[in-house]
>>> print(open('target.cif').read())   # mmCIF, C-alpha atoms and all ligand atoms
data_run
loop_
_atom_site.label_atom_id
_atom_site.label_comp_id
_atom_site.auth_asym_id
_atom_site.auth_seq_id
_atom_site.Cartn_x
_atom_site.Cartn_y
_atom_site.Cartn_z
CA MET A 750 -1.30 -98.79 -114.21
CA ASP A 751 -1.48 -95.07 -114.61
CA PHE A 752 1.86 -93.53 -115.64
CA THR A 753 1.64 -90.83 -112.93
CA LEU A 754 1.29 -93.50 -110.27
CA ILE A 755 4.28 -95.48 -111.59
CA LYS A 756 6.39 -92.32 -111.63
CA SER A 757 5.45 -91.57 -108.04
CA LEU A 758 6.43 -95.00 -106.71
CA LYS A 759 10.07 -94.14 -106.20
CA GLY A 760 11.97 -96.74 -104.20
CA PHE A 761 9.32 -99.44 -104.41
CA SER A 762 9.60 -102.43 -106.71
CA PRO A 763 6.85 -103.26 -109.24
CA GLY A 764 5.59 -105.84 -106.75
CA LEU A 765 3.83 -102.88 -105.14
CA LEU A 766 0.79 -103.98 -107.14
CA CYS A 767 -0.01 -106.37 -104.33
CA VAL A 768 -0.51 -103.61 -101.77
CA ILE A 769 -2.81 -101.46 -103.87
CA PRO A 770 -6.18 -101.50 -102.13
CA LEU A 771 -8.75 -103.76 -103.71
CA THR A 772 -12.38 -102.79 -104.25
CA SER A 773 -14.95 -104.23 -101.86
CA LYS A 774 -17.10 -105.34 -104.79
CA ASP A 775 -14.28 -107.37 -106.33
CA PRO A 776 -11.86 -108.10 -103.51
CA TYR A 777 -9.74 -110.72 -105.24
CA ARG A 778 -8.80 -108.76 -108.35
CA ILE A 779 -6.76 -105.62 -108.66
CA SER A 780 -8.93 -103.16 -110.46
CA GLN A 781 -7.12 -101.48 -113.33
CA ASP A 782 -9.91 -98.93 -113.35
CA LEU A 783 -9.19 -97.97 -109.76
CA CYS A 784 -5.53 -97.31 -110.61
CA HIS A 785 -6.43 -95.19 -113.66
CA LYS A 786 -8.91 -93.14 -111.70
CA MET A 787 -6.44 -92.24 -108.95
CA GLY A 788 -5.74 -88.51 -109.20
CA GLU A 789 -2.74 -86.72 -107.69
CA PRO A 790 -4.38 -86.24 -104.24
CA SER A 791 -5.22 -89.96 -104.02
CA ILE A 792 -1.72 -90.94 -105.13
CA ASP A 793 -0.15 -88.62 -102.54
CA ALA A 794 -2.43 -90.02 -99.82
CA PHE A 795 -1.57 -93.56 -100.92
CA LEU A 796 2.18 -92.85 -100.86
CA ALA A 797 1.95 -91.23 -97.42
CA LEU A 798 0.11 -94.29 -96.19
CA ILE A 799 2.66 -96.81 -97.45
CA GLU A 800 5.61 -94.61 -96.39
CA GLN A 801 4.49 -95.02 -92.78
CA GLN A 802 5.17 -98.73 -93.03
CA ARG A 803 8.05 -98.80 -95.52
CA PRO A 804 9.83 -101.98 -94.20
CA LEU A 805 6.61 -103.99 -94.26
CA VAL A 806 5.59 -102.62 -97.67
CA GLU A 807 9.04 -103.35 -99.11
CA SER A 808 8.74 -106.96 -97.90
CA LEU A 809 5.31 -107.20 -99.49
CA CYS A 810 6.69 -105.71 -102.74
CA LYS A 811 9.33 -108.44 -102.88
CA ILE A 812 6.64 -111.08 -102.36
CA GLY A 813 4.56 -109.44 -105.11
CA THR A 814 7.52 -109.58 -107.51
CA ARG A 815 8.10 -113.26 -106.70
CA ILE A 816 4.45 -114.04 -107.35
CA GLN A 817 4.74 -112.30 -110.76
CA HIS A 818 7.88 -114.35 -111.58
CA MET A 819 6.19 -117.53 -110.42
CA PHE A 820 4.14 -117.63 -113.63
CA LEU A 821 7.35 -118.18 -115.62
CA ASN A 822 9.58 -119.99 -113.12
CA ASP A 823 7.97 -122.33 -110.65
CA MET A 824 8.50 -121.46 -107.01
CA GLU A 825 7.68 -123.14 -103.73
CA PHE A 826 6.61 -121.04 -100.76
CA GLU A 827 7.13 -121.83 -97.07
CA PHE A 828 3.40 -121.89 -96.29
CA GLU A 829 2.90 -124.82 -98.69
CA SER A 830 4.77 -127.28 -96.50
CA ARG A 831 3.82 -125.99 -93.05
CA ARG A 832 0.80 -127.07 -91.08
CA ILE A 833 -0.93 -123.86 -90.06
CA SER A 834 -3.98 -124.13 -87.84
CA SER A 835 -5.01 -120.50 -87.96
CA LEU A 836 -3.61 -117.48 -89.77
CA ASP A 837 -5.40 -115.20 -87.28
CA LYS A 838 -2.92 -116.15 -84.57
CA CYS A 839 0.15 -115.38 -86.73
CA THR A 840 2.13 -112.22 -86.18
CA GLU A 841 3.08 -109.98 -89.13
CA GLU A 842 6.63 -111.46 -89.11
CA GLN A 843 5.26 -115.00 -89.11
CA LEU A 844 2.98 -114.21 -92.04
CA LEU A 845 5.87 -112.69 -93.99
CA SER A 846 8.07 -115.70 -93.29
CA LEU A 847 5.33 -118.01 -94.59
CA LEU A 848 5.34 -116.06 -97.84
CA GLN A 849 9.08 -116.56 -98.41
CA PRO A 850 10.27 -118.98 -101.08
CA VAL A 851 11.64 -122.28 -99.80
CA SER A 852 15.41 -122.11 -100.09
CA TYR A 853 16.63 -125.11 -102.02
CA LEU A 854 19.91 -126.92 -101.50
CA GLU A 855 21.97 -126.40 -104.63
CA THR A 856 24.25 -129.25 -103.63
CA ASN A 857 24.36 -131.99 -101.00
CA VAL A 858 25.45 -130.93 -97.52
CA TYR A 859 28.14 -132.92 -95.74
CA GLU A 860 28.89 -132.02 -92.13
CA PRO A 861 31.64 -134.21 -90.65
CA GLN A 862 30.63 -136.00 -87.48
CA ASP A 863 33.13 -137.80 -85.25
CA ASP A 864 30.65 -140.51 -84.43
CA TRP A 865 30.03 -141.28 -88.11
CA PRO A 866 30.90 -145.00 -88.29
CA GLN A 867 33.54 -145.83 -90.89
CA GLN A 868 32.20 -147.48 -94.01
CA THR A 869 33.23 -151.15 -94.24
CA GLY A 870 35.96 -151.57 -96.84
CA TRP A 871 36.44 -147.78 -97.23
CA GLU A 872 40.02 -147.19 -98.32
CA GLU A 873 40.10 -143.38 -98.17
CA ASP A 874 40.75 -141.19 -95.11
CA TRP A 875 37.86 -141.03 -92.66
CA PRO A 876 35.65 -139.15 -91.96
CA VAL A 877 35.26 -137.74 -95.46
CA ASP A 878 32.40 -136.69 -97.73
CA PRO A 879 31.25 -140.13 -98.97
CA THR A 880 30.18 -138.68 -102.35
CA LEU A 881 33.69 -137.50 -103.26
CA VAL A 882 35.23 -139.49 -106.12
CA PRO A 883 38.88 -139.77 -107.23
CA PRO A 884 39.72 -136.91 -109.66
CA ASP A 885 40.20 -139.28 -112.60
CA THR A 886 36.64 -140.70 -112.33
CA PRO A 887 34.76 -139.93 -115.55
CA CYS A 888 31.33 -138.26 -115.51
CA ASP A 889 28.57 -140.75 -116.41
CA LEU A 890 26.93 -138.18 -118.67
CA CYS A 891 29.79 -136.80 -120.76
CA HIS A 892 32.68 -139.17 -119.84
CA ALA A 893 34.98 -136.22 -119.10
CA THR A 894 36.83 -135.99 -115.78
CA GLY A 895 36.68 -133.15 -113.27
CA ASP A 896 34.03 -130.50 -113.06
CA CYS A 897 32.40 -130.73 -116.51
CA GLY A 898 29.36 -128.56 -117.20
CA CYS A 899 26.80 -131.40 -117.00
CA LEU A 900 25.29 -130.43 -113.66
CA SER A 901 24.86 -126.75 -114.51
CA SER A 902 23.32 -127.59 -117.89
CA LEU A 903 20.49 -129.72 -116.48
CA PRO A 904 17.02 -128.53 -117.65
CA LYS A 905 15.58 -125.51 -115.91
CA ASN A 906 11.98 -124.39 -115.50
CA ARG A 907 10.46 -127.48 -117.04
CA HIS A 908 8.31 -128.42 -114.07
CA HIS A 909 5.48 -127.14 -111.91
CA ILE A 910 4.60 -128.07 -108.35
CA ILE A 911 0.91 -128.84 -108.27
CA CYS A 912 -1.55 -130.54 -105.93
CA TYR A 913 -2.63 -134.06 -106.92
CA GLY A 914 -5.53 -134.48 -104.47
CA GLY A 915 -4.98 -137.42 -102.10
CA ARG A 916 -1.38 -137.83 -103.26
CA GLY A 917 -0.59 -134.32 -102.06
CA ARG A 918 1.84 -132.15 -103.92
CA GLY A 919 3.65 -133.55 -106.91
CA ILE A 920 5.64 -132.47 -109.93
CA GLN A 921 4.14 -131.87 -113.35
CA ALA A 922 6.24 -131.75 -116.51
CA HIS A 923 5.88 -128.40 -118.23
CA ALA A 924 6.73 -127.73 -121.89
CA THR A 925 7.32 -124.38 -123.52
CA TYR A 926 4.30 -125.07 -125.72
CA ARG A 927 1.10 -126.94 -124.88
CA GLY A 928 1.34 -130.68 -125.44
CA GLY A 929 5.06 -130.61 -126.26
CA LEU A 930 7.73 -133.14 -125.36
CA VAL A 931 9.37 -132.12 -122.07
CA PHE A 932 11.95 -134.88 -121.44
CA SER A 933 13.14 -137.56 -123.85
CA LYS A 934 13.67 -141.12 -122.65
CA GLY A 935 17.03 -141.31 -120.86
CA GLU A 936 17.31 -137.52 -120.34
CA TYR A 937 18.45 -136.29 -116.95
CA ILE A 938 15.83 -134.11 -115.25
CA GLY A 939 17.52 -132.97 -112.04
CA GLU A 940 19.53 -133.91 -108.99
CA LEU A 941 17.93 -134.89 -105.68
CA THR A 942 19.79 -132.91 -103.03
CA GLY A 943 19.78 -133.29 -99.26
CA GLU A 944 21.90 -133.76 -96.17
CA LEU A 945 24.42 -136.60 -96.20
CA LYS A 946 23.98 -138.72 -93.06
CA PRO A 947 25.49 -141.98 -91.77
CA LEU A 948 23.97 -145.30 -92.78
CA ASN A 949 20.69 -146.11 -90.99
CA TRP A 950 20.60 -142.58 -89.57
CA SER A 951 16.88 -142.24 -90.20
CA ARG A 952 14.00 -144.59 -90.92
CA ASP A 953 11.96 -141.75 -92.39
CA CYS A 954 10.72 -142.27 -95.93
CA MET A 955 12.54 -139.04 -96.88
CA ALA A 956 15.91 -140.70 -96.23
CA VAL A 957 17.26 -142.37 -99.37
CA ASP A 958 20.04 -144.96 -99.35
CA PHE A 959 22.99 -143.57 -101.33
CA ARG A 960 24.86 -146.15 -103.41
CA ARG A 961 28.23 -145.58 -105.01
CA PRO A 962 28.01 -146.86 -108.60
CA ASP A 963 31.76 -146.53 -109.14
CA ILE A 964 32.77 -148.82 -106.24
CA TYR A 965 32.84 -152.62 -106.55
CA ASP A 966 29.49 -154.15 -105.52
CA GLU A 967 27.94 -150.66 -105.46
CA PRO A 968 27.74 -150.37 -101.63
CA VAL A 969 25.35 -148.02 -99.83
CA VAL A 970 27.76 -145.44 -98.38
CA CYS A 971 25.39 -143.06 -96.59
CA GLN A 972 21.84 -141.75 -96.46
CA LEU A 973 20.58 -138.72 -98.31
CA TYR A 974 18.16 -137.10 -95.87
CA CYS A 975 15.71 -134.87 -97.73
CA LYS A 976 13.11 -134.02 -95.09
CA GLU A 977 14.55 -130.76 -93.73
CA ARG A 978 16.68 -129.38 -96.56
CA SER A 979 16.44 -130.50 -100.17
CA ASN A 980 15.10 -129.30 -103.52
CA TRP A 981 11.95 -129.76 -105.62
CA VAL A 982 12.95 -133.30 -106.70
CA ARG A 983 11.93 -134.51 -103.21
CA LEU A 984 8.29 -133.86 -104.17
CA VAL A 985 8.23 -136.43 -106.99
CA ASN A 986 5.46 -138.91 -106.15
CA HIS A 987 5.34 -142.69 -106.44
CA SER A 988 3.62 -144.49 -109.28
CA CYS A 989 3.26 -148.18 -110.10
CA GLU A 990 3.83 -147.08 -113.73
CA PRO A 991 6.58 -144.48 -113.21
CA CYS A 992 7.96 -142.34 -115.99
CA ALA A 993 11.29 -141.62 -114.25
CA VAL A 994 13.88 -143.23 -111.99
CA LEU A 995 16.22 -142.08 -109.25
CA ILE A 996 19.66 -143.33 -110.13
CA ALA A 997 23.08 -142.93 -108.49
CA ASN A 998 25.61 -141.57 -110.98
CA ILE A 999 28.93 -139.81 -111.08
CA VAL A 1000 28.16 -136.35 -112.43
CA SER A 1001 30.53 -133.39 -112.62
CA GLY A 1002 33.10 -134.89 -110.24
CA LYS A 1003 30.83 -136.23 -107.48
CA ALA A 1004 28.47 -139.13 -106.80
CA ARG A 1005 24.91 -137.83 -107.02
CA ILE A 1006 21.36 -139.14 -106.99
CA MET A 1007 19.81 -138.12 -110.28
CA LEU A 1008 16.25 -138.08 -111.60
CA ARG A 1009 16.19 -139.49 -115.14
CA ALA A 1010 13.33 -139.97 -117.60
CA SER A 1011 12.64 -143.67 -118.20
CA ARG A 1012 10.37 -142.87 -121.15
CA ASP A 1013 9.40 -139.83 -123.20
CA ILE A 1014 7.56 -137.38 -120.92
CA TRP A 1015 5.02 -134.99 -122.40
CA ASP A 1016 3.59 -131.69 -121.22
CA GLY A 1017 1.19 -132.09 -118.28
CA THR A 1018 2.43 -135.57 -117.27
CA GLU A 1019 3.10 -136.10 -113.57
CA LEU A 1020 6.77 -136.94 -112.94
CA THR A 1021 6.79 -140.16 -110.95
CA ILE A 1022 9.23 -142.76 -109.70
CA SER A 1023 8.77 -146.11 -107.97
CA TYR A 1024 9.27 -145.97 -104.18
CA GLY A 1025 9.71 -149.77 -104.18
CA SER A 1026 7.25 -152.59 -103.66
CA GLY A 1027 7.34 -152.46 -99.84
CA PHE A 1028 6.53 -148.77 -99.52
CA PHE A 1029 2.74 -148.97 -99.54
CA LYS A 1030 0.57 -151.36 -97.60
CA ARG A 1031 -1.84 -153.34 -99.75
CA ASP A 1032 -4.40 -151.13 -101.51
CA ASP A 1033 -2.83 -147.97 -100.06
CA CYS A 1034 -1.31 -146.73 -103.27
CA LEU A 1035 -2.98 -143.64 -104.72
CA CYS A 1036 -1.12 -143.55 -108.03
CA GLU A 1037 -3.14 -143.05 -111.22
CA ARG A 1038 -3.00 -146.73 -112.15
CA CYS A 1039 -4.15 -147.97 -108.72
CA GLU A 1040 -6.88 -145.33 -108.48
CA ALA A 1041 -8.20 -146.31 -111.91
CA ARG A 1042 -8.09 -149.98 -110.89
CA SER A 1043 -10.01 -149.37 -107.63
CA LYS A 1044 -12.62 -147.32 -109.53
CA ARG A 1045 -13.06 -150.19 -111.99
CA ALA A 1046 -13.43 -152.63 -109.07
CA GLU A 1047 -16.04 -150.37 -107.44
CA THR A 1048 -18.03 -150.26 -110.69
CA THR A 1049 -17.91 -154.05 -110.99
CA LEU A 1050 -19.09 -154.45 -107.41
CA ARG A 1051 -21.95 -152.06 -107.96
CA MET A 1052 -23.08 -153.71 -111.21
CA PRO A 1053 -25.19 -156.54 -109.71
CA GLU A 1054 -27.20 -153.94 -107.74
CA VAL A 1055 -27.76 -151.83 -110.88
CA TYR A 1056 -28.72 -154.98 -112.77
CA ARG A 1057 -31.24 -156.00 -110.07
CA GLN A 1058 -32.77 -152.53 -110.12
CA SER A 1059 -33.16 -152.59 -113.89
CA LEU A 1060 -34.85 -155.99 -113.65
CA ARG A 1061 -37.27 -154.62 -111.05
CA LEU A 1062 -38.10 -151.72 -113.37
CA ARG A 1063 -38.86 -154.13 -116.17
CA GLU A 1064 -41.16 -156.24 -113.98
ZN ZN B 1101 29.77 -134.41 -117.47
ZN ZN B 1102 0.02 -147.67 -107.58
#
>>> encode(input="target.cif", output="structure tokens")
Amino acid sequence: MDFTLIKSLKGFSPGLLCVIPLTSKDPYRISQDLCHKMGEPSIDAFLALIEQQRPLVESLCKIGTRIQHMFLNDMEFEFESRRISSLDKCTEEQLLSLLQPVSYLETNVYEPQDDWPQQTGWEEDWPVDPTLVPPDTPCDLCHATGDCGCLSSLPKNRHHIICYGGRGRGIQAHATYRGGLVFSKGEYIGELTGELKPLNWSRDCMAVDFRRPDIYDEPVVCQLYCKERSNWVRLVNHSCEPCAVLIANIVSGKARIMLRASRDIWDGTELTISYGSGFFKRDDCLCERCEARSKRAETTLRMPEVYRQSLRLRE
């Protein structure tokens, strides 16, 4: 962008790029040429124009900056998970809210409820956060007690949210260099966060039974409800040949549900787990293995027809 223009953009963040008018010939690309050709009168006119709507422009600038950062650090936007019938009917505020990043839960949320039934065999006070562990419980990753640094040192920016056709959105492993190893077998990838709810609180598929691995018989102590508030780990799809598992562990002084690599995972691989054998009805699974199998079956079914046609041609 022309230096004069940058100098003139006092008070606006670099995300201002997204509000620079586009050319009618090439409406989806910001023309560098257009910026270079802007003389002082055009710049002044442009600034006067955006000054009239400073709050809106500042919001757009922030969105522009986020979009720039998105190329390095993956980000999920509100509009990706909402069903929107028509953008024409949205107000300016609604459009801006759709362009906000989804705010992730950094840690599980426990809100005490009086009607939360007491866990059978629970020896602690009640009600209490069912993921709390006695202070002398060692971390499953480093074997230290208390708040070790394991949770904060989990990998960052090694995934992308992408669309996998019929399977919807999913998570792709992303290496710093093309084709590289992203996660080694046994490596912890992230924590699945959500709202802690009583047992059997929801029958939704986004409610995960939370087991306590440190208690005898590993009882299910609550549900982790990930439909409303969670983090990117909730988007990991099912596969009949998964490369990762969700496992309950004690990490950094609390029981947590962790995503762990069950084999080496390379750049571009979809991160997948098994949702369990009862999750899909017969033939409903859209994972890579099942899709490949149904394509093979289709080809086999079509073969006799192809064979008959070729015979007719030879006759
Ligand atoms: Zn640790
Ligand atoms: Zn499958």
>>> residues_near_ligand(input="target.cif", ligand="ligand ZN 1102 (chain B)", cutoff="8 Å", atoms="only C-alpha atoms and all ligand atoms", output="ChimeraX atom specification")
/A:987-990,1034-1040
>>> write_last_selection(input="target.cif", atoms="C-alpha atoms", output="mmCIF file, in the frame of the given file")
data_model
loop_
_atom_site.group_PDB
_atom_site.id
_atom_site.type_symbol
_atom_site.label_atom_id
_atom_site.label_comp_id
_atom_site.auth_asym_id
_atom_site.auth_seq_id
_atom_site.Cartn_x
_atom_site.Cartn_y
_atom_site.Cartn_z
ATOM 1 C CA HIS A 987 5.340 -142.690 -106.440
ATOM 2 C CA SER A 988 3.620 -144.490 -109.280
ATOM 3 C CA CYS A 989 3.260 -148.180 -110.100
ATOM 4 C CA GLU A 990 3.830 -147.080 -113.730
ATOM 5 C CA CYS A 1034 -1.310 -146.730 -103.270
ATOM 6 C CA LEU A 1035 -2.980 -143.640 -104.720
ATOM 7 C CA CYS A 1036 -1.120 -143.550 -108.030
ATOM 8 C CA GLU A 1037 -3.140 -143.050 -111.220
ATOM 9 C CA ARG A 1038 -3.000 -146.730 -112.150
ATOM 10 C CA CYS A 1039 -4.150 -147.970 -108.720
ATOM 11 C CA GLU A 1040 -6.880 -145.330 -108.480
#
>>> atom_distance(input="target.cif", atom1="atom CA of A:Gln862", atom2="atom CA of A:Gly1002")
22.9 Å
>>> residues_near_ligand(input="target.cif", ligand="ligand ZN 1101 (chain B)", cutoff="10 Å", atoms="all atoms listed in the file", output="PDB file with C-alpha atoms, in the coordinates of the input")
ATOM      1  CA  PRO A 887      34.760-139.930-115.550  1.00  0.00           C
ATOM      2  CA  CYS A 888      31.330-138.260-115.510  1.00  0.00           C
ATOM      3  CA  ASP A 889      28.570-140.750-116.410  1.00  0.00           C
ATOM      4  CA  LEU A 890      26.930-138.180-118.670  1.00  0.00           C
ATOM      5  CA  CYS A 891      29.790-136.800-120.760  1.00  0.00           C
ATOM      6  CA  HIS A 892      32.680-139.170-119.840  1.00  0.00           C
ATOM      7  CA  ALA A 893      34.980-136.220-119.100  1.00  0.00           C
ATOM      8  CA  THR A 894      36.830-135.990-115.780  1.00  0.00           C
ATOM      9  CA  GLY A 895      36.680-133.150-113.270  1.00  0.00           C
ATOM     10  CA  ASP A 896      34.030-130.500-113.060  1.00  0.00           C
ATOM     11  CA  CYS A 897      32.400-130.730-116.510  1.00  0.00           C
ATOM     12  CA  GLY A 898      29.360-128.560-117.200  1.00  0.00           C
ATOM     13  CA  CYS A 899      26.800-131.400-117.000  1.00  0.00           C
ATOM     14  CA  LEU A 900      25.290-130.430-113.660  1.00  0.00           C
ATOM     15  CA  SER A 901      24.860-126.750-114.510  1.00  0.00           C
ATOM     16  CA  SER A 902      23.320-127.590-117.890  1.00  0.00           C
ATOM     17  CA  ILE A 999      28.930-139.810-111.080  1.00  0.00           C
ATOM     18  CA  VAL A1000      28.160-136.350-112.430  1.00  0.00           C
ATOM     19  CA  SER A1001      30.530-133.390-112.620  1.00  0.00           C
ATOM     20  CA  GLY A1002      33.100-134.890-110.240  1.00  0.00           C
TER      21      GLY A1002
END
>>> residues_around(input="target.cif", residues="stretch 911-919 of chain A", least_positions_apart="4", cutoff="7 Å", atoms="all atoms listed in the file", output="list in words")
Leu984, Val985, Asn986 and Leu1035 of chain A
>>> atom_distance(input="target.cif", atom1="atom CA of A:Ile964", atom2="atom CA of A:Thr880")
11.2 Å
>>> atom_distance(input="target.cif", atom1="atom CA of A:Asn906", atom2="atom CA of A:Asp823")
6.6 Å
>>> residues_around(input="target.cif", residues="A:Arg978", least_positions_apart="6", cutoff="9 Å", atoms="all atoms listed in the file", output="MDAnalysis selection string")
chainID A and resid 852:854 858 942:944
>>> residues_around(input="target.cif", residues="A:Val994", least_positions_apart="3", cutoff="6 Å", atoms="all atoms listed in the file", output="tab-separated table (two decimals) with C-alpha atoms, keeping the file's coordinate frame")
chain	number	residue	atom	x	y	z
A	1008	LEU	CA	16.25	-138.08	-111.60
A	1009	ARG	CA	16.19	-139.49	-115.14
A	1022	ILE	CA	9.23	-142.76	-109.70
>>> residues_around(input="target.cif", residues="stretch 863-867 of chain A", least_positions_apart="5", cutoff="9 Å", atoms="only C-alpha atoms", output="number ranges by chain")
A: 875-876, 946-948
>>> closest_atom_pairs(input="target.cif", of="stretch 827-943 of chain A", to="stretch 812-819 of chain A", cutoff="9 Å", atoms="all atoms listed in the file", output="CSV")
residue,atom,partner,partner_atom,distance
A:Leu845,CA,A:Ile812,CA,8.6
A:Leu848,CA,A:Ile812,CA,6.8
A:Gln849,CA,A:Ile812,CA,7.2
A:Pro850,CA,A:Arg815,CA,8.3
>>> residues_around(input="target.cif", residues="A:Arg831", least_positions_apart="2", cutoff="12 Å", atoms="only C-alpha atoms", output="number ranges by chain")
A: 825-829, 833-836, 843-844, 846-848, 851, 977
>>> closest_residue(input="target.cif", among="A:Arg961, A:Arg907, A:Arg1045, A:Arg983", to="A:Tyr1024", atoms="all atoms listed in the file")
A:Arg983
>>> closest_atom_pairs(input="target.cif", of="stretch 946-1050 of chain A", to="stretch 935-941 of chain A", cutoff="9 Å", atoms="all atoms listed in the file", output="tab-separated table")
residue	atom	partner	partner_atom	distance
A:Leu973	CA	A:Leu941	CA	8.7
A:Cys975	CA	A:Leu941	CA	8.3
A:Ser979	CA	A:Leu941	CA	7.2
A:Asn980	CA	A:Leu941	CA	6.6
A:Trp981	CA	A:Leu941	CA	7.9
A:Val982	CA	A:Leu941	CA	5.3
A:Arg983	CA	A:Leu941	CA	6.5
A:Ala993	CA	A:Gly935	CA	8.8
A:Leu995	CA	A:Leu941	CA	8.2
A:Arg1005	CA	A:Glu940	CA	6.9
A:Ile1006	CA	A:Leu941	CA	5.6
A:Met1007	CA	A:Glu940	CA	4.4
A:Leu1008	CA	A:Gly939	CA	5.3
A:Arg1009	CA	A:Tyr937	CA	4.3
A:Ala1010	CA	A:Gly935	CA	5.1
A:Ser1011	CA	A:Gly935	CA	5.6
A:Arg1012	CA	A:Gly935	CA	6.8
A:Asp1013	CA	A:Gly935	CA	8.1
>>> closest_residue(input="target.cif", among="A:Cys810, A:Ala1004, A:Gln868, A:Val969", to="A:Pro884", atoms="all atoms listed in the file")
A:Ala1004
>>> closest_residue(input="target.cif", among="A:Leu945, A:Ala797, A:Met955, A:Ala1041", to="A:Val877", atoms="all atoms listed in the file")
A:Leu945
>>> closest_residue(input="target.cif", among="A:Pro883, A:Gly1017, A:Pro968, A:Pro861", to="A:Gly928", atoms="only C-alpha atoms")
A:Gly1017
>>> decode(input="target.cif", residues="stretch 817-836 of chain A", atoms="N, CA and C atoms", output="CSV table (one decimal), in the first residue's frame")
chain,number,residue,atom,x,y,z
A,817,GLN,N,-6.4,-11.6,8.6
A,817,GLN,CA,-5.0,-11.7,8.3
A,817,GLN,C,-4.3,-12.8,9.2
A,818,HIS,N,-4.6,-12.7,10.5
A,818,HIS,CA,-3.9,-13.6,11.5
A,818,HIS,C,-4.4,-15.1,11.2
A,819,MET,N,-5.6,-15.2,10.6
A,819,MET,CA,-6.1,-16.6,10.5
A,819,MET,C,-5.2,-17.5,9.6
A,820,PHE,N,-4.4,-16.8,8.7
A,820,PHE,CA,-3.5,-17.6,7.9
A,820,PHE,C,-2.4,-18.3,8.7
A,821,LEU,N,-2.1,-17.7,9.9
A,821,LEU,CA,-1.0,-18.4,10.7
A,821,LEU,C,-1.7,-19.2,11.8
A,822,ASN,N,-2.7,-18.6,12.5
A,822,ASN,CA,-3.3,-19.3,13.6
A,822,ASN,C,-4.8,-19.6,13.2
A,823,ASP,N,-5.2,-20.8,13.2
A,823,ASP,CA,-6.5,-21.1,12.8
A,823,ASP,C,-7.6,-20.4,13.7
A,824,MET,N,-8.7,-20.1,13.1
A,824,MET,CA,-9.7,-19.4,13.9
A,824,MET,C,-11.1,-19.8,13.4
A,825,GLU,N,-12.0,-19.9,14.3
A,825,GLU,CA,-13.4,-20.3,13.9
A,825,GLU,C,-14.3,-19.1,14.1
A,826,PHE,N,-15.1,-18.8,13.1
A,826,PHE,CA,-16.0,-17.6,13.1
A,826,PHE,C,-17.4,-18.1,13.4
A,827,GLU,N,-18.2,-17.1,14.0
A,827,GLU,CA,-19.6,-17.5,14.4
A,827,GLU,C,-20.4,-17.9,13.2
A,828,PHE,N,-20.2,-17.3,12.1
A,828,PHE,CA,-21.1,-17.7,10.9
A,828,PHE,C,-20.9,-19.1,10.5
A,829,GLU,N,-19.8,-19.7,10.9
A,829,GLU,CA,-19.6,-21.1,10.4
A,829,GLU,C,-20.5,-22.1,11.0
A,830,SER,N,-21.0,-21.8,12.3
A,830,SER,CA,-21.8,-22.8,12.9
A,830,SER,C,-23.3,-22.4,13.0
A,831,ARG,N,-23.6,-21.2,12.4
A,831,ARG,CA,-25.0,-20.8,12.5
A,831,ARG,C,-25.7,-21.1,11.2
A,832,ARG,N,-27.0,-21.4,11.3
A,832,ARG,CA,-27.7,-21.6,10.1
A,832,ARG,C,-28.3,-20.3,9.7
A,833,ILE,N,-27.9,-19.8,8.5
A,833,ILE,CA,-28.4,-18.4,8.1
A,833,ILE,C,-29.1,-18.6,6.8
A,834,SER,N,-30.4,-18.2,6.8
A,834,SER,CA,-31.2,-18.4,5.6
A,834,SER,C,-30.9,-17.3,4.6
A,835,SER,N,-30.8,-16.1,5.1
A,835,SER,CA,-30.5,-15.0,4.1
A,835,SER,C,-29.7,-13.9,4.8
A,836,LEU,N,-28.6,-13.5,4.2
A,836,LEU,CA,-27.8,-12.4,4.7
A,836,LEU,C,-28.5,-11.1,4.5
